[in-house]
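Next comes my_file_36.tsv, a file with TSV, C-alpha atoms.
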```tsv
chain	number	residue	atom	x	y	z
Y	190	MET	CA	-32.65	-120.48	34.20
Y	191	ILE	CA	-29.73	-122.40	32.86
Y	192	ASP	CA	-29.66	-125.53	30.77
Y	193	ILE	CA	-27.55	-128.14	32.49
Y	194	GLY	CA	-28.49	-130.85	30.06
Y	195	SER	CA	-30.62	-133.08	32.26
Y	196	ARG	CA	-32.53	-135.62	30.27
Y	197	VAL	CA	-36.00	-136.68	31.17
Y	198	GLY	CA	-37.79	-139.51	29.44
Y	199	ALA	CA	-40.54	-138.39	27.12
Y	200	GLY	CA	-41.95	-141.68	25.92
Y	201	GLU	CA	-41.61	-142.68	22.29
Y	202	GLU	CA	-40.45	-139.21	21.26
Y	203	GLY	CA	-37.17	-139.78	23.06
Y	204	TYR	CA	-35.70	-137.37	25.55
Y	205	ARG	CA	-36.23	-133.70	26.19
Y	206	ILE	CA	-33.85	-131.32	27.91
Y	207	VAL	CA	-35.09	-129.93	31.24
Y	208	LYS	CA	-33.87	-126.56	32.38
Y	209	ARG	CA	-33.09	-126.07	36.05
Y	210	VAL	CA	-32.89	-122.90	38.06
Y	211	HIS	CA	-29.39	-122.26	39.41
Y	212	SER	CA	-29.17	-122.13	43.19
Y	213	ARG	CA	-27.76	-118.57	43.01
Y	214	GLU	CA	-30.99	-117.43	41.40
Y	215	VAL	CA	-33.10	-119.17	44.00
Y	216	LYS	CA	-31.14	-117.60	46.87
Y	217	GLN	CA	-31.26	-114.16	45.27
Y	218	ALA	CA	-35.01	-114.44	44.71
Y	219	ALA	CA	-35.63	-115.57	48.29
Y	220	MET	CA	-33.52	-112.74	49.72
Y	221	GLU	CA	-35.27	-110.18	47.51
Y	222	ARG	CA	-38.64	-111.54	48.55
Y	223	LEU	CA	-37.75	-111.18	52.24
Y	224	GLN	CA	-36.73	-107.59	51.64
Y	225	GLN	CA	-39.93	-106.87	49.68
Y	226	ARG	CA	-41.97	-108.23	52.58
Y	227	GLY	CA	-40.21	-106.05	55.14
Y	228	VAL	CA	-37.98	-108.75	56.61
Y	229	THR	CA	-34.35	-108.06	57.44
Y	230	ILE	CA	-31.62	-110.41	58.54
Y	231	GLU	CA	-31.04	-108.13	61.51
Y	232	GLY	CA	-34.71	-108.33	62.48
Y	233	ILE	CA	-34.52	-112.12	62.52
Y	234	ALA	CA	-31.16	-111.99	64.35
Y	235	GLU	CA	-32.73	-109.89	67.12
Y	236	ILE	CA	-35.22	-112.70	67.73
Y	237	VAL	CA	-32.37	-115.24	67.78
Y	238	TYR	CA	-30.56	-113.07	70.31
Y	239	GLN	CA	-33.63	-112.95	72.56
Y	240	MET	CA	-33.95	-116.73	72.36
Y	241	GLN	CA	-30.29	-117.55	73.03
Y	242	ALA	CA	-28.96	-114.74	75.27
Y	243	PRO	CA	-30.27	-116.34	78.48
Y	244	TYR	CA	-28.08	-119.38	77.75
Y	245	ASN	CA	-24.89	-117.60	76.71
Y	246	GLU	CA	-23.61	-114.44	78.35
Y	247	ASN	CA	-21.04	-113.88	75.59
Y	248	LEU	CA	-23.57	-113.95	72.76
Y	249	THR	CA	-23.43	-111.04	70.32
Y	250	LEU	CA	-25.90	-109.85	67.75
Y	251	ASP	CA	-23.19	-110.38	65.12
Y	252	LEU	CA	-23.08	-114.11	65.93
Y	253	CYS	CA	-26.85	-114.22	65.56
Y	254	VAL	CA	-26.66	-112.46	62.17
Y	255	GLN	CA	-24.07	-115.01	61.02
Y	256	SER	CA	-26.32	-117.88	62.11
Y	257	VAL	CA	-29.33	-116.41	60.30
Y	258	GLN	CA	-27.25	-115.98	57.15
Y	259	ALA	CA	-26.10	-119.61	57.35
Y	260	VAL	CA	-29.69	-120.84	57.69
Y	261	LEU	CA	-30.74	-118.74	54.70
Y	262	GLU	CA	-28.15	-120.59	52.60
Y	263	LYS	CA	-30.25	-123.77	52.79
Y	264	ARG	CA	-32.33	-124.53	49.70
Y	265	GLU	CA	-35.24	-125.90	51.74
Y	266	ILE	CA	-35.50	-122.59	53.58
Y	267	GLN	CA	-35.26	-120.61	50.35
Y	268	HIS	CA	-37.94	-122.74	48.72
Y	269	ALA	CA	-40.27	-122.33	51.70
Y	270	ILE	CA	-39.76	-118.55	51.59
Y	271	LEU	CA	-40.57	-118.43	47.88
Y	272	VAL	CA	-43.70	-120.58	48.20
Y	273	GLY	CA	-45.05	-118.88	51.31
Y	274	THR	CA	-44.46	-115.32	50.19
Y	275	GLU	CA	-45.94	-116.08	46.77
Y	276	LEU	CA	-49.15	-117.26	48.42
Y	277	ASP	CA	-49.24	-114.16	50.64
Y	278	MET	CA	-48.78	-111.89	47.63
Y	279	LEU	CA	-51.38	-113.70	45.54
Y	280	ALA	CA	-53.86	-113.39	48.41
Y	281	GLU	CA	-53.15	-109.65	48.62
Y	282	LYS	CA	-54.08	-109.35	44.94
Y	283	GLY	CA	-57.18	-111.54	45.32
Y	284	MET	CA	-55.75	-114.10	42.92
Y	285	LEU	CA	-56.37	-117.32	44.86
Y	286	SER	CA	-59.50	-119.35	44.35
Y	287	GLU	CA	-62.07	-119.58	47.12
Y	288	PRO	CA	-62.10	-120.71	49.82
Y	289	LEU	CA	-58.29	-120.57	49.85
Y	290	GLN	CA	-58.36	-116.82	49.13
Y	291	THR	CA	-60.28	-116.08	52.32
Y	292	LEU	CA	-58.33	-118.58	54.42
Y	293	VAL	CA	-55.00	-117.02	53.49
Y	294	ARG	CA	-56.23	-113.41	53.36
Y	295	THR	CA	-57.66	-113.59	56.89
Y	296	ASP	CA	-55.02	-115.91	58.37
Y	297	GLU	CA	-57.80	-118.24	59.47
Y	298	GLY	CA	-56.99	-119.74	62.87
Y	299	LEU	CA	-57.58	-123.33	61.80
Y	300	PHE	CA	-55.63	-122.96	58.56
Y	301	GLY	CA	-52.39	-124.67	59.54
Y	302	CYS	CA	-50.64	-124.82	56.19
Y	303	ASP	CA	-48.57	-121.75	57.01
Y	304	GLU	CA	-47.22	-123.38	60.17
Y	305	THR	CA	-46.77	-126.71	58.38
Y	306	LEU	CA	-44.62	-125.15	55.65
Y	307	ALA	CA	-42.54	-123.26	58.22
Y	308	LEU	CA	-42.19	-126.23	60.56
Y	309	GLY	CA	-41.06	-128.45	57.70
Y	310	SER	CA	-38.16	-126.13	57.05
Y	311	VAL	CA	-36.85	-126.35	60.64
Y	312	LEU	CA	-36.93	-130.12	60.97
Y	313	GLY	CA	-33.32	-130.45	59.82
Y	314	TYR	CA	-32.16	-128.39	62.79
Y	315	GLY	CA	-33.32	-130.76	65.53
Y	316	SER	CA	-35.53	-130.60	68.59
Y	317	ILE	CA	-34.28	-127.20	69.76
Y	318	ALA	CA	-35.45	-125.69	66.47
Y	319	VAL	CA	-38.81	-127.44	66.63
Y	320	THR	CA	-39.57	-126.38	70.22
Y	321	THR	CA	-38.27	-122.85	69.59
Y	322	PHE	CA	-40.51	-122.58	66.53
Y	323	GLY	CA	-43.51	-123.61	68.64
Y	324	HIS	CA	-42.61	-121.01	71.25
Y	325	LEU	CA	-42.18	-118.27	68.64
Y	326	ASP	CA	-45.41	-119.23	66.90
Y	327	LYS	CA	-47.30	-118.71	70.16
Y	328	GLN	CA	-45.40	-115.76	71.66
Y	329	LYS	CA	-44.96	-113.71	68.46
Y	330	ILE	CA	-41.96	-111.62	69.50
Y	331	GLY	CA	-40.13	-108.88	67.61
Y	332	LEU	CA	-40.49	-108.90	63.85
Y	333	ILE	CA	-42.85	-111.88	64.02
Y	334	LYS	CA	-45.32	-109.83	66.05
Y	335	GLN	CA	-45.04	-106.95	63.56
Y	336	LEU	CA	-45.82	-109.31	60.69
Y	337	ASP	CA	-48.60	-111.27	62.40
Y	338	THR	CA	-51.49	-109.41	60.90
Y	339	LYS	CA	-54.96	-110.84	61.15
Y	340	LYS	CA	-56.76	-108.41	58.91
Y	341	ASP	CA	-60.32	-107.83	57.92
Y	342	GLY	CA	-59.37	-108.19	54.28
Y	343	SER	CA	-57.39	-104.99	53.78
Y	344	GLY	CA	-53.68	-104.30	53.90
Y	345	PRO	CA	-50.75	-106.65	53.48
Y	346	VAL	CA	-51.09	-110.41	53.93
Y	347	HIS	CA	-48.44	-112.00	56.12
Y	348	THR	CA	-50.08	-115.36	56.75
Y	349	PHE	CA	-47.00	-117.30	55.68
Y	350	ILE	CA	-44.15	-114.85	56.18
Y	351	ASP	CA	-44.59	-114.44	59.95
Y	352	ASP	CA	-44.26	-118.20	60.40
Y	353	LEU	CA	-41.34	-118.37	57.97
Y	354	VAL	CA	-39.50	-115.71	59.98
Y	355	ALA	CA	-40.17	-117.78	63.10
Y	356	SER	CA	-38.77	-120.86	61.36
Y	357	VAL	CA	-35.58	-119.10	60.27
Y	358	ALA	CA	-35.12	-117.66	63.76
Y	359	ALA	CA	-35.75	-121.07	65.35
Y	360	ALA	CA	-33.30	-122.82	63.03
Y	361	ALA	CA	-30.66	-120.12	63.58
Y	362	SER	CA	-31.18	-120.39	67.36
Y	363	SER	CA	-30.70	-124.14	67.28
Y	364	ARG	CA	-27.66	-123.88	65.03
Y	365	LEU	CA	-26.14	-121.30	67.34
Y	366	ALA	CA	-26.87	-123.29	70.50
Y	367	HIS	CA	-25.12	-126.35	69.10
Y	368	ARG	CA	-22.14	-124.37	67.78
Y	369	LEU	CA	-21.65	-122.53	71.05
Y	370	ARG	CA	-21.71	-125.83	72.96
Y	371	ASP	CA	-19.13	-127.25	70.54
Y	372	GLU	CA	-16.89	-124.25	71.20
Y	373	GLU	CA	-17.28	-124.64	74.97
Y	374	GLU	CA	-16.33	-128.30	74.78
Y	375	LYS	CA	-13.27	-127.57	72.64
Y	376	ALA	CA	-12.10	-125.09	75.28
Y	377	VAL	CA	-12.33	-127.68	78.04
Y	378	VAL	CA	-9.21	-129.82	78.37
Y	379	SER	CA	-10.05	-133.49	78.32
Y	380	PRO	CA	-8.70	-135.51	81.24
Y	381	SER	CA	-5.96	-137.96	80.28
Y	382	ASN	CA	-6.83	-141.62	80.33
```
What is this structure when it is put down as structure tokens?
Amino acid sequence: MIDIGSRVGAGEEGYRIVKRVHSREVKQAAMERLQQRGVTIEGIAEIVYQMQAPYNENLTLDLCVQSVQAVLEKREIQHAILVGTELDMLAEKGMLSEPLQTLVRTDEGLFGCDETLALGSVLGYGSIAVTTFGHLDKQKIGLIKQLDTKKDGSGPVHTFIDDLVASVAAAASSRLAHRLRDEEEKAVVSPSN
């Protein structure tokens, strides 16, 4: 953490200095956490490719990787990754209180907090991202399917991370769809008025 000198009121005692975490540290931590949980940018990009290839014959996996990387630059996404993966890891270690421990550990069907966290992070990417997230949440393709583990209480817990991967893929798909449309429109010569 770095001290940037923010002052927060502390009543009669005056002010105290609050330390903030630099955004570089947050991004690095989120990227490390994805790696620790078995998530790769390429794995997410493959999902993006599957979602967008039917709409663009010139789409490449490299464009999908670039879109995923751009989405992962957003603080809201990084924060969601850190919160969700922390809860998954705590559940693996049995460190959550009951009944939350069992709800997260077993990926209880009616426990919607994992989807809520993931959905919240795609809202800034518009309706394409929201509908794509819903589709991915139900269809569980690629890496999402590998991570979607409803366990009997043993093995890794991926209650949050599978939905977070779906949210990053959905946001990257939406971002890519809009950018590709922008490029198409730039290529079209406007008629003179």
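Between His347 (chain Y) and the residues Y:Glu374, Y:Glu304, Y:Asp277, Y:Glu297, the shortest atom-to-atom distance, using all atoms listed in the file, involves Y:Asp277.
Neighbouring residues of Cys302 (chain Y) at 10 Å or closer, counting all atoms listed in the file and skipping chain neighbours under 6 positions away, are Gly273, Val293, Leu308, Thr348 and Phe349 of chain Y.
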May I have the residues at most 6 Å from (-35.8, -121.8, 46.8) in the file's coordinates, counting all atoms listed in the file, as a short mmCIF file (atom, residue, chain, number, x, y, z; two decimals) with C-alpha atoms, keeping the file's coordinate frame?
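So the final result, stored in out_36.cif, reads:
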```
data_model
loop_
_atom_site.label_atom_id
_atom_site.label_comp_id
_atom_site.auth_asym_id
_atom_site.auth_seq_id
_atom_site.Cartn_x
_atom_site.Cartn_y
_atom_site.Cartn_z
CA VAL Y 215 -33.10 -119.17 44.00
CA ARG Y 264 -32.33 -124.53 49.70
CA GLN Y 267 -35.26 -120.61 50.35
CA HIS Y 268 -37.94 -122.74 48.72
CA LEU Y 271 -40.57 -118.43 47.88
#
```
Which one of Y:Ser362, Y:Gln224, Y:Asn245, Y:Thr274 sits closest to Val257 (chain Y) if you count all atoms listed in the file?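 Residue with the minimum atom-to-atom distance to Val257 (chain Y): Y:Ser362.
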Identify the residues within 12 Å of coordinate (-32.1, -116.3, 72.2) (same frame as the file), considering all atoms listed in the file, and give the answer as a PyMOL selection string. chain Y and resi 233-250+252-253+256+317-318+321-322+324-325+330-331+358-366
Do you have the CA of Asp326 (chain Y)-CA of Leu312 (chain Y) distance handy?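 That distance, rounded to one decimal, is 15.0 Å.
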In terms of the shortest atom-to-atom distance over only C-alpha atoms, which of Y:Leu306, Y:Leu299, Y:Ser212, Y:Ile333 is closest to Leu276 (chain Y)? Y:Leu306
Straight-line distance linking CA of Gly309 (chain Y) with CA of Gly323 (chain Y), stated in Å to one decimal: 12.2 Å
Between CA of Lys327 (chain Y) and CA of Ser310 (chain Y), what is the spacing in Å?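 Going from CA of Ser310 (chain Y) over to CA of Lys327 (chain Y) covers 17.6 Å.
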Best match for closeness to Glu221 (chain Y) among Y:Leu292, Y:Ile270, Y:Arg209, Y:Glu287, counting all atoms listed in the file: Y:Ile270
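Closest approach to Leu261 (chain Y) among Y:Val357, Y:Arg222, Y:Arg205, Y:Pro345: Y:Val357, based on all atoms listed in the file.
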Top pick for closest residue to Val346 (chain Y), considering Y:Ala218, Y:Glu281, Y:Gln328, Y:Val228 and counting only C-alpha atoms: Y:Glu281
Provide an axis-aligned box for all listed atoms of region 290-294 of chain Y, padding each side by 3 Å; report its centre and its edge lengths in Å to one decimal, as AutoDock Vina command-line options.
```
--center_x -57.6 --center_y -116.0 --center_z 51.8 --size_x 11.3 --size_y 11.2 --size_z 11.3
```
